[in-house]
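Have a look at query.cif below; it lists mmCIF, C-alpha atoms.
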```
data_upload
#
loop_
_atom_site.label_atom_id
_atom_site.label_comp_id
_atom_site.auth_asym_id
_atom_site.auth_seq_id
_atom_site.Cartn_x
_atom_site.Cartn_y
_atom_site.Cartn_z
CA MET A 29 12.98 3.39 -8.31
CA SER A 30 15.08 1.52 -10.77
CA GLU A 31 16.63 2.38 -14.10
CA GLY A 32 20.16 2.33 -15.40
CA THR A 33 21.82 5.56 -14.24
CA PRO A 34 25.18 6.71 -12.86
CA ASN A 35 23.68 6.17 -9.41
CA GLU A 36 24.20 2.43 -9.92
CA THR A 37 27.82 2.90 -8.92
CA ARG A 38 26.69 3.97 -5.46
CA ILE A 39 25.23 0.54 -4.66
CA LYS A 40 27.55 -1.22 -2.24
CA ALA A 41 28.42 -4.88 -2.56
CA SER A 42 27.15 -5.53 0.95
CA MET A 43 23.86 -3.87 1.80
CA GLU A 44 23.39 -2.33 5.23
CA ARG A 45 20.14 -3.04 7.07
CA ASN A 46 17.98 -0.22 8.38
CA ALA A 47 19.11 2.07 5.61
CA LEU A 48 17.79 3.67 2.43
CA HIS A 49 20.32 3.15 -0.37
CA LEU A 50 20.77 5.55 -3.26
CA GLY A 51 20.75 3.61 -6.50
CA ASP A 52 19.05 1.16 -8.83
CA CYS A 53 16.92 -1.45 -7.08
CA ILE A 54 17.75 -4.22 -9.54
CA LYS A 55 21.46 -3.78 -8.83
CA GLY A 56 20.79 -3.35 -5.13
CA LEU A 57 18.64 -6.45 -4.81
CA ALA A 58 21.16 -8.43 -6.86
CA SER A 59 23.83 -7.62 -4.28
CA LEU A 60 21.81 -9.23 -1.47
CA GLU A 61 22.25 -12.82 -0.42
CA ALA A 62 19.48 -15.07 -1.70
CA GLY A 63 16.73 -16.05 0.74
CA THR A 64 17.46 -13.35 3.34
CA VAL A 65 14.36 -11.13 3.12
CA ASP A 66 11.03 -11.78 4.86
CA LEU A 67 8.72 -9.25 3.20
CA VAL A 68 8.91 -7.08 0.09
CA PHE A 69 6.38 -4.34 -0.53
CA ALA A 70 6.69 -2.70 -3.94
CA ASP A 71 4.81 0.30 -5.31
CA PRO A 72 6.58 0.68 -8.67
CA PRO A 73 5.96 3.33 -11.31
CA PHE A 74 2.73 2.51 -13.14
CA ASN A 75 4.07 3.51 -16.61
CA ILE A 76 1.39 6.17 -17.01
CA GLY A 77 3.61 9.21 -17.56
CA TYR A 78 3.76 10.42 -13.97
CA LYS A 79 6.41 13.07 -13.39
CA TYR A 80 9.05 11.70 -11.02
CA ASP A 81 12.26 13.39 -9.96
CA LEU A 82 14.50 11.28 -12.23
CA TYR A 83 12.70 8.19 -13.53
CA GLU A 84 11.01 8.35 -16.94
CA ASP A 85 7.55 6.83 -16.42
CA ARG A 86 6.69 6.34 -20.07
CA LYS A 87 8.25 3.21 -21.56
CA SER A 88 6.94 1.03 -24.34
CA ALA A 89 4.79 -1.79 -22.99
CA ASP A 90 7.45 -4.36 -23.88
CA ASP A 91 10.23 -2.38 -22.20
CA TYR A 92 8.13 -1.82 -19.09
CA LEU A 93 7.26 -5.50 -18.78
CA ASP A 94 10.87 -6.53 -19.38
CA TRP A 95 12.04 -4.11 -16.67
CA SER A 96 9.32 -5.40 -14.34
CA ARG A 97 10.40 -8.96 -14.91
CA GLN A 98 13.98 -8.06 -13.97
CA TRP A 99 13.16 -6.52 -10.60
CA ILE A 100 10.47 -9.08 -9.70
CA GLU A 101 12.93 -11.89 -10.46
CA GLN A 102 15.31 -10.30 -7.96
CA VAL A 103 12.48 -9.98 -5.42
CA LYS A 104 11.80 -13.68 -5.66
CA ARG A 105 15.50 -14.53 -5.36
CA VAL A 106 16.07 -12.51 -2.18
CA LEU A 107 12.88 -13.67 -0.41
CA ASN A 108 13.31 -16.52 2.03
CA PRO A 109 11.46 -19.76 1.16
CA ASN A 110 8.45 -18.66 3.22
CA GLY A 111 8.64 -14.98 2.26
CA THR A 112 5.89 -12.67 1.05
CA PHE A 113 5.71 -10.14 -1.79
CA TRP A 114 3.04 -7.43 -1.96
CA LEU A 115 2.68 -5.51 -5.24
CA ALA A 116 0.73 -2.26 -5.59
CA ILE A 117 -0.15 -1.50 -9.20
CA GLY A 118 -2.68 0.45 -11.27
CA ASP A 119 -5.17 -0.82 -13.83
CA ASP A 120 -2.97 -0.39 -16.88
CA PHE A 121 -0.57 -3.26 -16.15
CA ALA A 122 -2.23 -5.09 -13.24
CA ALA A 123 -3.22 -8.12 -15.29
CA GLU A 124 0.15 -8.41 -17.02
CA LEU A 125 2.17 -8.16 -13.81
CA LYS A 126 -0.06 -10.63 -11.98
CA MET A 127 0.44 -13.15 -14.75
CA LEU A 128 4.16 -12.43 -14.93
CA ALA A 129 4.65 -12.98 -11.21
CA GLN A 130 2.29 -15.93 -10.93
CA ARG A 131 2.73 -17.96 -14.12
CA ASP A 132 6.18 -16.94 -15.34
CA LEU A 133 8.03 -16.55 -12.04
CA GLY A 134 6.14 -19.05 -9.89
CA PHE A 135 4.64 -16.88 -7.16
CA CYS A 136 1.34 -17.97 -5.61
CA CYS A 137 -1.27 -15.20 -5.43
CA ARG A 138 -3.04 -15.59 -2.09
CA SER A 139 -5.24 -12.50 -2.35
CA TRP A 140 -6.17 -9.78 -4.81
CA VAL A 141 -7.07 -6.83 -2.62
CA ILE A 142 -8.57 -3.57 -3.84
CA TRP A 143 -7.45 -0.42 -2.07
CA TYR A 144 -10.33 2.01 -2.48
CA TYR A 145 -9.63 5.65 -1.78
CA THR A 146 -11.27 9.03 -2.03
CA PHE A 147 -9.86 12.05 -3.91
CA GLY A 148 -8.99 9.82 -6.86
CA VAL A 149 -8.25 10.86 -10.44
CA ASN A 150 -11.21 12.70 -11.96
CA CYS A 151 -12.09 11.36 -15.41
CA THR A 152 -14.50 12.78 -18.00
CA LYS A 153 -15.01 9.90 -20.44
CA LYS A 154 -14.79 6.90 -18.12
CA PHE A 155 -15.50 6.10 -14.47
CA SER A 156 -13.19 8.06 -12.21
CA ARG A 157 -10.28 6.02 -10.94
CA SER A 158 -10.31 5.58 -7.17
CA HIS A 159 -8.53 2.31 -6.50
CA THR A 160 -5.21 0.49 -6.65
CA HIS A 161 -4.64 -3.25 -6.94
CA LEU A 162 -2.71 -4.93 -4.12
CA PHE A 163 -1.47 -8.41 -5.02
CA HIS A 164 -0.47 -10.64 -2.12
CA PHE A 165 2.09 -13.15 -3.41
CA VAL A 166 3.95 -15.88 -1.52
CA LYS A 167 6.74 -18.24 -2.57
CA ASN A 168 5.37 -21.24 -0.68
CA PRO A 169 1.55 -21.55 -0.68
CA LYS A 170 1.67 -24.01 2.21
CA LYS A 171 3.94 -22.07 4.55
CA PHE A 172 4.11 -18.30 4.86
CA THR A 173 3.60 -15.60 7.47
CA PHE A 174 -0.03 -14.59 7.90
CA ASN A 175 -0.79 -13.07 11.29
CA ALA A 176 -4.56 -13.32 11.16
CA ASP A 177 -5.03 -11.99 14.69
CA ALA A 178 -3.32 -8.74 13.66
CA ILE A 179 -6.11 -7.89 11.21
CA ARG A 180 -9.23 -9.49 12.69
CA VAL A 181 -12.31 -7.29 12.82
CA PRO A 182 -15.58 -7.51 14.77
CA SER A 183 -18.17 -9.59 12.95
CA ALA A 184 -21.78 -8.62 12.33
CA ARG A 185 -22.79 -11.37 14.76
CA GLN A 186 -20.88 -9.47 17.45
CA THR A 187 -21.74 -5.88 16.60
CA VAL A 188 -25.25 -6.10 15.18
CA TYR A 189 -27.03 -9.33 16.10
CA ALA A 190 -25.61 -10.28 19.53
CA ASP A 191 -25.35 -13.81 18.17
CA ASP A 192 -23.89 -16.37 20.59
CA ARG A 193 -22.28 -18.12 17.61
CA ALA A 194 -19.92 -15.19 17.08
CA VAL A 195 -16.28 -16.25 17.14
CA GLU A 196 -14.34 -14.52 19.91
CA GLY A 197 -11.80 -12.14 18.44
CA GLY A 198 -13.78 -11.43 15.29
CA ARG A 199 -13.30 -12.56 11.72
CA LEU A 200 -11.05 -11.96 8.75
CA PRO A 201 -12.07 -9.26 6.24
CA ASP A 202 -14.34 -9.99 3.29
CA ASP A 203 -15.34 -8.29 0.00
CA THR A 204 -17.90 -5.55 -0.55
CA TRP A 205 -18.91 -2.69 -2.85
CA VAL A 206 -19.78 0.82 -1.66
CA LEU A 207 -20.67 4.19 -3.15
CA ARG A 208 -19.62 6.52 -0.35
CA PRO A 209 -18.24 4.87 2.79
CA GLN A 210 -18.98 7.80 5.09
CA ASP A 211 -22.69 7.08 4.58
CA ALA A 212 -22.55 3.30 5.04
CA ASP A 213 -21.90 2.89 8.74
CA LYS A 214 -22.87 -0.78 9.01
CA SER A 215 -22.01 -2.12 5.57
CA PHE A 216 -18.50 -0.80 5.01
CA THR A 217 -15.51 -0.38 7.26
CA PRO A 218 -11.77 -0.04 6.60
CA ASP A 219 -11.47 -3.62 7.82
CA GLU A 220 -13.03 -5.31 4.80
CA SER A 221 -11.00 -6.70 1.92
CA VAL A 222 -11.95 -3.86 -0.34
CA TRP A 223 -9.74 -1.63 1.75
CA TYR A 224 -10.81 1.97 2.23
CA PHE A 225 -8.05 4.36 3.17
CA PRO A 226 -8.03 7.95 1.89
CA ARG A 227 -5.24 8.75 -0.53
CA VAL A 228 -2.72 11.09 1.10
CA ALA A 229 -4.05 14.26 -0.51
CA GLY A 230 -2.31 17.62 -0.56
CA THR A 231 -4.25 19.04 2.38
CA PHE A 232 -3.61 16.09 4.69
CA LYS A 233 -1.35 16.55 7.70
CA GLU A 234 0.35 13.27 6.78
CA ARG A 235 1.40 14.63 3.36
CA LEU A 236 5.14 15.31 3.10
CA GLY A 237 4.95 17.41 -0.04
CA PHE A 238 8.01 16.25 -1.98
CA HIS A 239 6.52 13.05 -3.47
CA GLY A 240 3.11 12.83 -5.11
CA CYS A 241 2.61 9.08 -4.69
CA GLN A 242 2.73 8.84 -0.90
CA MET A 243 0.88 5.83 0.54
CA PRO A 244 -1.01 5.93 3.86
CA GLU A 245 0.86 4.57 6.85
CA GLN A 246 -2.25 2.81 8.15
CA LEU A 247 -2.60 0.80 4.94
CA LEU A 248 1.06 -0.17 4.93
CA ALA A 249 0.86 -1.11 8.60
CA ARG A 250 -1.81 -3.69 7.83
CA ILE A 251 0.49 -5.33 5.28
CA VAL A 252 3.55 -5.22 7.52
CA ARG A 253 1.65 -6.61 10.51
CA VAL A 254 -0.01 -9.47 8.68
CA SER A 255 2.97 -10.57 6.58
CA SER A 256 5.95 -10.15 8.91
CA ASN A 257 7.00 -10.37 12.54
CA PRO A 258 9.08 -8.05 14.73
CA GLY A 259 12.73 -8.34 13.77
CA ASP A 260 11.96 -9.49 10.21
CA LEU A 261 13.54 -7.70 7.27
CA VAL A 262 11.13 -5.61 5.17
CA ILE A 263 12.33 -4.21 1.83
CA ASP A 264 10.82 -1.56 -0.43
CA PRO A 265 12.60 -1.51 -3.82
CA PHE A 266 11.06 1.88 -4.69
CA GLY A 267 11.75 4.05 -1.65
CA GLY A 268 9.74 7.05 -2.84
CA SER A 269 8.50 9.03 0.14
CA GLY A 270 9.75 6.42 2.61
CA SER A 271 6.39 5.41 4.05
CA THR A 272 7.05 1.65 3.93
CA LEU A 273 10.36 2.08 5.71
CA SER A 274 8.85 4.44 8.29
CA VAL A 275 6.07 1.98 9.10
CA ALA A 276 8.47 -0.95 9.31
CA LYS A 277 10.66 0.98 11.75
CA LYS A 278 7.69 2.00 13.88
CA LEU A 279 6.51 -1.62 14.02
CA HIS A 280 9.89 -2.95 15.18
CA ARG A 281 10.94 -4.52 11.88
CA ASP A 282 14.31 -4.22 10.18
CA TRP A 283 14.04 -2.37 6.92
CA MET A 284 15.86 -1.51 3.71
CA GLY A 285 15.03 0.47 0.61
CA PHE A 286 16.40 1.67 -2.72
CA GLU A 287 15.74 4.97 -4.47
CA LEU A 288 17.19 6.62 -7.60
CA SER A 289 16.59 10.22 -6.59
CA LYS A 290 19.23 11.83 -4.37
CA ASN A 291 16.66 14.47 -3.43
CA TYR A 292 14.13 11.86 -2.29
CA VAL A 293 16.80 9.91 -0.41
CA GLN A 294 17.90 12.95 1.57
CA LYS A 295 14.34 13.82 2.56
CA VAL A 296 13.41 10.25 3.47
CA ARG A 297 16.54 9.81 5.57
CA THR A 298 15.57 12.94 7.50
CA ARG A 299 12.08 11.48 7.97
CA LEU A 300 13.48 8.18 9.22
CA GLU A 301 15.93 9.82 11.61
CA ALA A 302 13.00 11.49 13.36
CA ILE A 303 11.25 8.14 13.95
CA LYS A 304 11.88 5.58 16.64
CA PRO A 305 10.42 2.08 17.02
CA GLY A 306 7.05 2.18 18.72
CA ASP A 307 6.09 5.63 17.45
CA ALA A 308 2.43 6.11 16.54
CA LEU A 309 1.35 5.69 12.94
CA GLN A 310 0.17 8.73 11.01
CA GLY A 311 -3.38 8.95 9.71
CA PRO A 312 -6.67 7.87 11.30
CA GLU A 313 -6.99 4.20 12.20
CA ASN A 314 -10.62 4.40 11.12
CA PRO A 315 -10.71 6.60 8.00
CA LEU A 316 -14.50 6.85 8.14
CA LEU A 317 -14.00 9.33 10.95
CA SER A 318 -11.82 11.61 8.83
CA ALA A 319 -14.51 12.79 6.42
CA PRO A 320 -18.03 14.12 7.04
CA LYS A 321 -21.13 12.21 6.14
CA THR A 322 -23.25 13.59 3.32
CA ARG A 323 -25.87 14.86 5.78
CA ASP A 324 -23.17 16.75 7.70
CA GLY A 325 -21.58 18.32 4.65
CA LYS A 326 -22.23 21.63 2.91
CA THR A 327 -23.90 22.43 -0.39
CA LEU A 328 -22.28 24.57 -3.07
CA ASN A 329 -24.05 27.65 -1.71
CA GLY A 330 -22.40 27.13 1.66
CA LYS A 331 -25.49 25.99 3.51
CA VAL A 332 -25.48 22.92 5.75
CA ARG A 333 -27.61 20.12 4.39
CA LYS A 334 -30.99 19.63 6.01
CA LYS A 335 -31.75 16.23 7.48
CA THR A 336 -34.48 14.50 5.48
CA LYS A 337 -36.20 11.16 5.33
CA ALA A 338 -33.54 10.10 2.85
CA ASP A 339 -30.99 10.26 5.68
CA ASN A 340 -32.40 7.04 7.11
CA GLY A 341 -29.59 4.83 5.92
CA ASN A 342 -29.62 6.01 2.30
CA LEU A 343 -26.75 7.57 0.42
CA PHE A 344 -28.48 10.71 -0.88
CA ASP A 345 -30.46 13.50 0.70
CA GLU A 346 -31.91 16.84 -0.28
CA ALA A 347 -30.41 20.22 0.41
#
```
Turn this file's structure into structure tokens for me.
Amino acid sequence: MSEGTPNETRIKASMERNALHLGDCIKGLASLEAGTVDLVFADPPFNIGYKYDLYEDRKSADDYLDWSRQWIEQVKRVLNPNGTFWLAIGDDFAAELKMLAQRDLGFCCRSWVIWYYTFGVNCTKKFSRSHTHLFHFVKNPKKFTFNADAIRVPSARQTVYADDRAVEGGRLPDDTWVLRPQDADKSFTPDESVWYFPRVAGTFKERLGFHGCQMPEQLLARIVRVSSNPGDLVIDPFGGSGSTLSVAKKLHRDWMGFELSKNYVQKVRTRLEAIKPGDALQGPENPLLSAPKTRDGKTLNGKVRKKTKADNGNLFDEA
């Protein structure tokens, strides 16, 4: 994360690749040579009062937007002319940061992806929050890395209709809405552009435990694969739990990150030391397999649900 602290003095004038650096990301990015980075993935604090190790996640709106402008300006400066910037952000400032990056700083927004997850924040006076915005920005709208073959999925013509017109290799993802993906076998997969990956909840094997905002490796892998190539430099300005860096290393990319918390840095460095390029990603490749369907679940009294006529492709059944 980034905020003026004594840790700024730890940022070196020349940044080492394949390392997580302790210090402020604005200072760290400013020390890099312009145009040397291929991909930046940023999951900054959302300014919603979340309790981090050091960073204070409750600024005034003006201060938060001013701080955001500073680090996004540095992101644009360090990206090469054909580089890509992915921004993960919550509802509260999604619109403002999209406009800041696009209109004020000149990024082109290629896609506005919704990451839909389960085990979201339970709300009592509004719809429960179960998504994060993923903005796909590029510096040059006519030339940028987009490895379509890395994210192609089988089309309905291939899997359902046996249509001879199906394009070999599948299609690119599209948009959809869903109530409960475990019950929508044909109409929703993790390969559509409303991306369904479970949040890394406390009971998950993938969960590290020291950072509450851990992102799934499978989701990050999609971004790294489509927007960079082996050997490219991937940067995460907000190191956090180290998932971006771990995925980049596993996928044979160079990587670099910044993090304010000495505690987080020590734990992430231990995580990274245990990884080697080519290691398997954590988490299920198809998250629909990681949770039971409604008909296979249990009721509050502990009984297994009985299969009913409503199970025939519908979302609800009777106990």
Handout entry: Selection result of the PyMOL selection byres ((chain A and resi 102-111) around 7) on this file, as a ChimeraX atom specification
Key = /A:54,57-58,60-67,98-101,112-113,166-168,171-172
Practice task
For the point (2.8, -9.7, -11.6) in the file's frame, write as number ranges by chain all residues with an atom no more than 10 Å away, counting only C-alpha atoms.
Solution key: A: 93, 96-97, 100, 114-117, 121-133, 135, 137, 163, 165
Exercise for the section: Please write as a list in words the list of polymer residues whose atoms come within 7 Å of (8.3, 2.3, -1.5), counting only C-alpha atoms and keeping to the coordinates of the file. Expected result: Phe69, Ala70, Asp71, Asp264, Pro265, Phe266, Gly267, Gly268, Ser269, Gly270, Ser271 and Thr272 of chain A
Exercise for the section: Provide the atom CA of A:Asp91 to atom CA of A:Pro72 distance in Å, to one decimal place. Expected result: 14.3 Å
Exercise for the section: In Å, rounded to a single decimal, give me how far atom CA of A:Trp140 is from atom CA of A:Pro169. Expected result: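 Atom-to-atom, atom CA of A:Pro169 to atom CA of A:Trp140, that is 14.7 Å.
Atom CA of A:Trp95 to atom CA of A:Pro73 spans 11.0 Å [interatomic distance, one decimal].
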Problem - Counting all atoms listed in the file, the option among A:Ser88, A:Val296, A:Thr160, A:Asn46 closest to A:Asp119 - result: A:Thr160
Practice task
Please evaluate the PyMOL selection byres ((chain A and resi 175) around 9) against the structure above and give the resulting residues as a list in words.
Solution key: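 Listing what the PyMOL selection byres ((chain A and resi 175) around 9) selects in the shown file: Thr173, Phe174, Ala176, Asp177, Ala178, Ile179, Arg253, Val254, Ser255, Ser256 and Asn257 of chain A.
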Practice task
Give the answer as one residue: which of A:Tyr92, A:Gly51, A:Met43, A:Gly134 has the shortest atom-to-atom distance to A:Lys290, using all atoms listed in the file?
Solution key: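 Among the listed residues, A:Gly51 lies closest to A:Lys290.
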Practice task
Determine the nearest neighbour of A:Ser59 from the options A:Ala89, A:Phe286, A:Glu245, A:Arg180, counting all atoms listed in the file.
Solution key: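 Smallest separation from A:Ser59 among the options: A:Phe286.
Closest to A:Ser274 among A:Asp85, A:Ser289, A:Leu48, A:Lys170 is A:Leu48, based on all atoms listed in the file.
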